[in-house]
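Enquirer: Supplied in C-alpha cells, the structure appears directly below.
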Amino acid sequence: MATSKDFRGCFGAYCPPLVCTSGWPNSAAIHLLRLLADHGAALRYHGDFDGEGIRIAAYVFDKTPAHPWRMTAVDYHAAVARISHGLRPGRLTEAPWDPELTTAMTGHGTAVVEELVADVLLEDLAAAAQLYGMACGR
C-alpha cells in the first residue's frame, strides 16, 4: 500500500488518523481498529484490487465495523483505466460488499495495487481534513 509516510508527507502533523497494516492485519491491528470504532472512529478500508486484497478486505469487514473505501466495481474500473497493463489478479473470491467487483476483475484480468491510486486516496483525505478544519500542505 501507499505508506503512512506518503500521507504524512501531504498532511504533516495534520494527517487524519490512518492505520496502514501492509498486508493481512494481525490480531493487534484488528484490536486497534475495534477500539477506534468503539470510541467513535468511522473506519474505512482500501486495499489492492487483486485476489488477496479482496480476501483481506472481506476479513477486515467481517472482524471490524469498517466500510469499503473506493473498493467497488466502479472504483476498480476507474483504477484499471489509469494503467496500461498489470499483473493478473490471482485467485478471485466474491467480494461480499459488491458482487460486481469480482466479475469486473475477472473480466478485465488485471490487478491494481494501492500505490497506483494513492493520489485519489490522498484527495479523499484532503477533503476530509478540510471538512474537519485541518490544514494540508498540498
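Ligands are numbered from 1 in the order shown, residues from 1 within each chain, and chains are lettered A, B, ... in the order they appear in the C-alpha cells.
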From a DSSP calculation on the backbone, collect every residue of chain A in alpha helix (DSSP H) and output the set as an MDAnalysis selection string.

Expert: chainID A and resid 4:11 27:38 51:63 73:80 99:108 118:131

Enquirer: Excluding Met105 in chain A and any residue of its chain fewer than 2 positions from it, enumerate the residues within 9 Å of it, using only C-alpha atoms, and give them as an mmCIF file with all heavy atoms, in the first residue's frame.

Expert:
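Heads up, here's the output in part_31.cif:
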data_model
loop_
_atom_site.group_PDB
_atom_site.id
_atom_site.type_symbol
_atom_site.label_atom_id
_atom_site.label_comp_id
_atom_site.auth_asym_id
_atom_site.auth_seq_id
_atom_site.Cartn_x
_atom_site.Cartn_y
_atom_site.Cartn_z
ATOM 1 N N PHE A 49 -6.596 -4.230 -5.493
ATOM 2 C CA PHE A 49 -7.594 -4.904 -6.319
ATOM 3 C C PHE A 49 -6.932 -6.143 -6.914
ATOM 4 O O PHE A 49 -6.546 -6.172 -8.085
ATOM 5 C CB PHE A 49 -8.089 -3.983 -7.442
ATOM 6 C CG PHE A 49 -9.038 -2.908 -7.003
ATOM 7 C CD1 PHE A 49 -8.673 -1.577 -7.086
ATOM 8 C CD2 PHE A 49 -10.311 -3.215 -6.549
ATOM 9 C CE1 PHE A 49 -9.547 -0.568 -6.709
ATOM 10 C CE2 PHE A 49 -11.192 -2.219 -6.167
ATOM 11 C CZ PHE A 49 -10.806 -0.896 -6.238
ATOM 12 N N ASP A 50 -6.773 -7.153 -6.088
ATOM 13 C CA ASP A 50 -6.316 -8.463 -6.538
ATOM 14 C C ASP A 50 -6.979 -9.495 -5.628
ATOM 15 O O ASP A 50 -7.705 -9.133 -4.693
ATOM 16 C CB ASP A 50 -4.788 -8.571 -6.551
ATOM 17 C CG ASP A 50 -4.135 -8.435 -5.182
ATOM 18 O OD1 ASP A 50 -4.837 -8.397 -4.148
ATOM 19 O OD2 ASP A 50 -2.891 -8.370 -5.148
ATOM 20 N N ALA A 73 -16.815 -2.048 -7.810
ATOM 21 C CA ALA A 73 -16.562 -2.304 -9.230
ATOM 22 C C ALA A 73 -16.335 -0.991 -9.977
ATOM 23 O O ALA A 73 -15.469 -0.910 -10.849
ATOM 24 C CB ALA A 73 -17.723 -3.085 -9.841
ATOM 25 N N TYR A 76 -12.883 0.074 -9.256
ATOM 26 C CA TYR A 76 -11.932 -0.776 -9.974
ATOM 27 C C TYR A 76 -11.819 -0.339 -11.430
ATOM 28 O O TYR A 76 -10.717 -0.201 -11.961
ATOM 29 C CB TYR A 76 -12.335 -2.256 -9.887
ATOM 30 C CG TYR A 76 -11.497 -3.127 -10.775
ATOM 31 C CD1 TYR A 76 -10.190 -3.461 -10.418
ATOM 32 C CD2 TYR A 76 -11.977 -3.594 -11.997
ATOM 33 C CE1 TYR A 76 -9.393 -4.240 -11.242
ATOM 34 C CE2 TYR A 76 -11.193 -4.374 -12.825
ATOM 35 C CZ TYR A 76 -9.905 -4.694 -12.446
ATOM 36 O OH TYR A 76 -9.113 -5.454 -13.271
ATOM 37 N N HIS A 77 -12.955 -0.132 -12.080
ATOM 38 C CA HIS A 77 -12.930 0.296 -13.488
ATOM 39 C C HIS A 77 -12.170 1.612 -13.648
ATOM 40 O O HIS A 77 -11.380 1.772 -14.582
ATOM 41 C CB HIS A 77 -14.349 0.430 -14.047
ATOM 42 C CG HIS A 77 -14.998 -0.875 -14.363
ATOM 43 N ND1 HIS A 77 -14.532 -1.748 -15.321
ATOM 44 C CD2 HIS A 77 -16.089 -1.476 -13.827
ATOM 45 C CE1 HIS A 77 -15.293 -2.813 -15.379
ATOM 46 N NE2 HIS A 77 -16.246 -2.674 -14.473
ATOM 47 N N PRO A 89 -4.827 -10.818 -11.490
ATOM 48 C CA PRO A 89 -5.304 -10.635 -10.114
ATOM 49 C C PRO A 89 -5.187 -11.870 -9.228
ATOM 50 O O PRO A 89 -5.432 -11.784 -8.028
ATOM 51 C CB PRO A 89 -6.764 -10.239 -10.298
ATOM 52 C CG PRO A 89 -7.154 -10.826 -11.616
ATOM 53 C CD PRO A 89 -5.901 -10.808 -12.467
ATOM 54 N N LEU A 92 -9.516 -15.259 -7.497
ATOM 55 C CA LEU A 92 -10.514 -14.297 -7.012
ATOM 56 C C LEU A 92 -11.639 -15.011 -6.283
ATOM 57 O O LEU A 92 -12.078 -16.083 -6.698
ATOM 58 C CB LEU A 92 -11.086 -13.493 -8.177
ATOM 59 C CG LEU A 92 -10.110 -12.546 -8.859
ATOM 60 C CD1 LEU A 92 -10.693 -11.993 -10.153
ATOM 61 C CD2 LEU A 92 -9.734 -11.412 -7.924
ATOM 62 N N GLU A 100 -20.437 -7.248 -7.978
ATOM 63 C CA GLU A 100 -19.959 -6.898 -9.314
ATOM 64 C C GLU A 100 -18.443 -6.723 -9.371
ATOM 65 O O GLU A 100 -17.846 -6.764 -10.451
ATOM 66 C CB GLU A 100 -20.643 -5.611 -9.799
ATOM 67 C CG GLU A 100 -22.146 -5.740 -9.966
ATOM 68 C CD GLU A 100 -22.512 -6.815 -10.986
ATOM 69 O OE1 GLU A 100 -21.883 -6.860 -12.060
ATOM 70 O OE2 GLU A 100 -23.417 -7.614 -10.696
ATOM 71 N N LEU A 101 -17.799 -6.528 -8.230
ATOM 72 C CA LEU A 101 -16.362 -6.268 -8.222
ATOM 73 C C LEU A 101 -15.573 -7.459 -8.759
ATOM 74 O O LEU A 101 -14.726 -7.305 -9.650
ATOM 75 C CB LEU A 101 -15.882 -5.900 -6.818
ATOM 76 C CG LEU A 101 -14.378 -5.672 -6.654
ATOM 77 C CD1 LEU A 101 -13.858 -4.618 -7.622
ATOM 78 C CD2 LEU A 101 -14.072 -5.286 -5.209
ATOM 79 N N THR A 102 -15.827 -8.638 -8.254
ATOM 80 C CA THR A 102 -15.093 -9.807 -8.719
ATOM 81 C C THR A 102 -15.381 -10.082 -10.188
ATOM 82 O O THR A 102 -14.477 -10.454 -10.941
ATOM 83 C CB THR A 102 -15.428 -11.032 -7.853
ATOM 84 O OG1 THR A 102 -15.126 -10.715 -6.493
ATOM 85 C CG2 THR A 102 -14.625 -12.246 -8.266
ATOM 86 N N THR A 103 -16.607 -9.867 -10.619
ATOM 87 C CA THR A 103 -16.951 -10.028 -12.032
ATOM 88 C C THR A 103 -16.135 -9.069 -12.892
ATOM 89 O O THR A 103 -15.594 -9.462 -13.931
ATOM 90 C CB THR A 103 -18.462 -9.783 -12.243
ATOM 91 O OG1 THR A 103 -19.196 -10.701 -11.425
ATOM 92 C CG2 THR A 103 -18.852 -9.948 -13.691
ATOM 93 N N GLY A 107 -13.283 -10.149 -15.588
ATOM 94 C CA GLY A 107 -13.427 -9.722 -16.978
ATOM 95 C C GLY A 107 -12.219 -8.971 -17.507
ATOM 96 O O GLY A 107 -11.793 -9.183 -18.643
ATOM 97 N N HIS A 108 -11.673 -8.112 -16.699
ATOM 98 C CA HIS A 108 -10.523 -7.322 -17.149
ATOM 99 C C HIS A 108 -9.217 -8.083 -16.993
ATOM 100 O O HIS A 108 -8.297 -7.920 -17.786
ATOM 101 C CB HIS A 108 -10.456 -5.986 -16.403
ATOM 102 C CG HIS A 108 -9.654 -4.972 -17.144
ATOM 103 N ND1 HIS A 108 -8.280 -4.995 -17.166
ATOM 104 C CD2 HIS A 108 -10.029 -3.935 -17.923
ATOM 105 C CE1 HIS A 108 -7.846 -3.995 -17.922
ATOM 106 N NE2 HIS A 108 -8.881 -3.343 -18.389
ATOM 107 N N GLY A 109 -9.120 -8.906 -15.933
ATOM 108 C CA GLY A 109 -7.939 -9.737 -15.737
ATOM 109 C C GLY A 109 -6.693 -9.002 -15.290
ATOM 110 O O GLY A 109 -5.585 -9.483 -15.495
ATOM 111 N N THR A 110 -6.867 -7.842 -14.682
ATOM 112 C CA THR A 110 -5.722 -7.035 -14.259
ATOM 113 C C THR A 110 -5.862 -6.629 -12.799
ATOM 114 O O THR A 110 -6.909 -6.141 -12.388
ATOM 115 C CB THR A 110 -5.603 -5.764 -15.129
ATOM 116 O OG1 THR A 110 -5.484 -6.157 -16.495
ATOM 117 C CG2 THR A 110 -4.396 -4.935 -14.735
ATOM 118 N N ALA A 111 -4.780 -6.802 -12.044
ATOM 119 C CA ALA A 111 -4.739 -6.342 -10.657
ATOM 120 C C ALA A 111 -4.337 -4.870 -10.635
ATOM 121 O O ALA A 111 -3.638 -4.392 -11.525
ATOM 122 C CB ALA A 111 -3.721 -7.164 -9.868
#

Enquirer: Distance table requested - range 7-58 of chain A against range 93-97 of chain A, cut-off 8 Å, only C-alpha atoms: one row per qualifying residue with the closest atom pair and its distance in Å to one decimal, ordered by chain and rising residue number, as CSV.

Expert:
residue,atom,partner,partner_atom,distance
A:Gly51,CA,A:Thr93,CA,6.6
A:Ile54,CA,A:Ala95,CA,6.2
A:Arg55,CA,A:Thr93,CA,7.1
A:Ala58,CA,A:Ala95,CA,6.7

Enquirer: Can you write just those residues out, all heavy atoms, as an mmCIF file, in the first residue's frame?

Expert:
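Final output, result-v4.cif:
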data_model
loop_
_atom_site.group_PDB
_atom_site.id
_atom_site.type_symbol
_atom_site.label_atom_id
_atom_site.label_comp_id
_atom_site.auth_asym_id
_atom_site.auth_seq_id
_atom_site.Cartn_x
_atom_site.Cartn_y
_atom_site.Cartn_z
ATOM 1 N N GLY A 51 -6.757 -10.765 -5.913
ATOM 2 C CA GLY A 51 -7.418 -11.807 -5.134
ATOM 3 C C GLY A 51 -7.141 -11.702 -3.647
ATOM 4 O O GLY A 51 -8.059 -11.782 -2.823
ATOM 5 N N ILE A 54 -8.868 -8.658 -2.025
ATOM 6 C CA ILE A 54 -10.304 -8.865 -1.805
ATOM 7 C C ILE A 54 -10.524 -9.715 -0.557
ATOM 8 O O ILE A 54 -11.404 -9.431 0.261
ATOM 9 C CB ILE A 54 -10.965 -9.516 -3.041
ATOM 10 C CG1 ILE A 54 -10.826 -8.596 -4.259
ATOM 11 C CG2 ILE A 54 -12.435 -9.855 -2.769
ATOM 12 C CD1 ILE A 54 -11.364 -7.192 -4.080
ATOM 13 N N ARG A 55 -9.698 -10.752 -0.388
ATOM 14 C CA ARG A 55 -9.841 -11.600 0.800
ATOM 15 C C ARG A 55 -9.484 -10.837 2.074
ATOM 16 O O ARG A 55 -10.152 -10.972 3.105
ATOM 17 C CB ARG A 55 -8.993 -12.867 0.660
ATOM 18 C CG ARG A 55 -9.619 -13.882 -0.305
ATOM 19 C CD ARG A 55 -8.859 -15.190 -0.371
ATOM 20 N NE ARG A 55 -7.565 -15.060 -1.029
ATOM 21 C CZ ARG A 55 -7.396 -14.981 -2.350
ATOM 22 N NH1 ARG A 55 -8.451 -14.997 -3.156
ATOM 23 N NH2 ARG A 55 -6.189 -14.883 -2.872
ATOM 24 N N ALA A 58 -12.439 -8.543 2.866
ATOM 25 C CA ALA A 58 -13.566 -9.296 3.431
ATOM 26 C C ALA A 58 -13.296 -9.639 4.893
ATOM 27 O O ALA A 58 -14.204 -9.571 5.735
ATOM 28 C CB ALA A 58 -13.814 -10.564 2.607
#

Enquirer: Write out as a PyMOL selection string each polymer residue whose atoms come within 10 Å of range 29-33 of chain A, counting only C-alpha atoms; drop sequence neighbours fewer than 2 positions from it.

Expert: chain A and resi 19-21+24-27+35-39+41-43+59-60+63-66

Enquirer: How would the residues just chosen look if you wrote them out with N, CA and C atoms as a compact mmCIF listing (two decimals), in the first residue's frame?

Expert:
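The resulting selection-v1.txt:
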# COMPACT_ATOMS: atom_id res chain seq x y z
N VAL A 19 -4.49 4.08 9.64
CA VAL A 19 -3.82 2.86 10.05
C VAL A 19 -3.44 2.10 8.78
N CYS A 20 -2.16 1.82 8.59
CA CYS A 20 -1.68 1.04 7.46
C CYS A 20 -1.16 -0.30 7.97
N THR A 21 -1.78 -1.40 7.53
CA THR A 21 -1.37 -2.71 8.04
C THR A 21 -0.38 -3.41 7.13
N TRP A 24 -2.03 -8.59 5.51
CA TRP A 24 -3.01 -9.14 6.45
C TRP A 24 -2.83 -8.50 7.82
N PRO A 25 -3.90 -7.89 8.35
CA PRO A 25 -3.79 -7.30 9.68
C PRO A 25 -3.70 -8.39 10.74
N ASN A 26 -2.78 -8.22 11.66
CA ASN A 26 -2.65 -9.20 12.75
C ASN A 26 -3.70 -8.90 13.81
N SER A 27 -3.72 -9.69 14.87
CA SER A 27 -4.74 -9.53 15.90
C SER A 27 -4.63 -8.17 16.60
N LEU A 35 -11.11 -0.91 18.82
CA LEU A 35 -11.06 0.12 19.86
C LEU A 35 -11.36 1.50 19.28
N LEU A 36 -10.77 1.79 18.13
CA LEU A 36 -11.04 3.08 17.48
C LEU A 36 -12.53 3.23 17.17
N ALA A 37 -13.12 2.17 16.63
CA ALA A 37 -14.55 2.22 16.32
C ALA A 37 -15.39 2.36 17.58
N ASP A 38 -15.00 1.67 18.65
CA ASP A 38 -15.73 1.77 19.91
C ASP A 38 -15.69 3.19 20.48
N HIS A 39 -14.67 3.95 20.10
CA HIS A 39 -14.54 5.33 20.58
C HIS A 39 -14.97 6.36 19.53
N ALA A 41 -14.64 6.33 16.00
CA ALA A 41 -13.99 6.48 14.69
C ALA A 41 -14.82 5.77 13.62
N ALA A 42 -14.97 6.43 12.49
CA ALA A 42 -15.60 5.82 11.32
C ALA A 42 -14.48 5.13 10.53
N LEU A 43 -14.56 3.81 10.40
CA LEU A 43 -13.50 3.06 9.75
C LEU A 43 -13.80 2.86 8.27
N TYR A 59 -12.06 -10.00 5.21
CA TYR A 59 -11.68 -10.31 6.59
C TYR A 59 -11.83 -9.07 7.49
N VAL A 60 -11.33 -7.93 7.03
CA VAL A 60 -11.43 -6.70 7.82
C VAL A 60 -12.89 -6.32 8.03
N LYS A 63 -14.40 -8.63 10.66
CA LYS A 63 -13.87 -8.52 12.02
C LYS A 63 -14.04 -7.14 12.66
N THR A 64 -14.35 -6.13 11.84
CA THR A 64 -14.49 -4.76 12.34
C THR A 64 -15.70 -4.11 11.69
N PRO A 65 -16.12 -2.95 12.17
CA PRO A 65 -17.22 -2.24 11.52
C PRO A 65 -16.75 -1.34 10.36
N ALA A 66 -15.62 -1.68 9.76
CA ALA A 66 -15.10 -0.88 8.63
C ALA A 66 -16.02 -1.00 7.41

Enquirer: Using only C-alpha atoms, pick whichever of A:Pro68, A:Gly47, A:Gly90, A:Gly40 has the shortest atom-to-atom distance to Val117 in chain A.

Expert: A:Gly47

Enquirer: Rounded to one decimal in Å, what is the spacing between CA of Thr72 in chain A and CA of Ala104 in chain A?

Expert: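 CA of Ala104 in chain A lies at a distance of 9.5 Å from CA of Thr72 in chain A.
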
Enquirer: Report the distance between CA of Asp62 in chain A and CA of Leu121 in chain A in Å, rounded to one decimal place.

Expert: 22.5 Å

Enquirer: Rounded to one decimal, what separation in Å do you get between CA of Leu125 in chain A and CA of Val80 in chain A?

Expert: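 So the two atoms, CA of Leu125 in chain A and CA of Val80 in chain A, lie 21.2 Å apart.
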
Enquirer: List every residue of range 14-106 of chain A that DSSP, applied to the backbone of this structure, places in strand (DSSP E), and write the result as a list in words.

Expert: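 Answer for range 14-106 of chain A restricted to strand (DSSP E) is Arg44, Tyr45, His67 and Pro68 of chain A.
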
Enquirer: Please write the residues from the selection above to a file, keeping N, CA, C and O atoms, as a CSV table (one decimal), in the first residue's frame.

Expert:
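Below is the file part_2.csv, written as the result:
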chain,number,residue,atom,x,y,z
A,44,ARG,N,-12.8,3.1,7.4
A,44,ARG,CA,-12.9,2.9,6.0
A,44,ARG,C,-11.7,2.1,5.6
A,44,ARG,O,-10.6,2.3,6.2
A,45,TYR,N,-11.8,1.1,4.7
A,45,TYR,CA,-10.7,0.3,4.3
A,45,TYR,C,-10.5,0.3,2.8
A,45,TYR,O,-11.5,0.2,2.0
A,67,HIS,N,-16.0,0.0,6.6
A,67,HIS,CA,-16.7,0.1,5.3
A,67,HIS,C,-15.7,0.2,4.2
A,67,HIS,O,-14.7,0.8,4.4
A,68,PRO,N,-16.1,-0.2,3.0
A,68,PRO,CA,-15.2,-0.1,1.8
A,68,PRO,C,-14.9,1.4,1.5
A,68,PRO,O,-15.8,2.3,1.6

Enquirer: Given only C-alpha atoms as the basis, pick out the residue of A:Asp48, A:Pro17, A:Ile56, A:Glu123 nearest to Leu87 in chain A.

Expert: A:Asp48
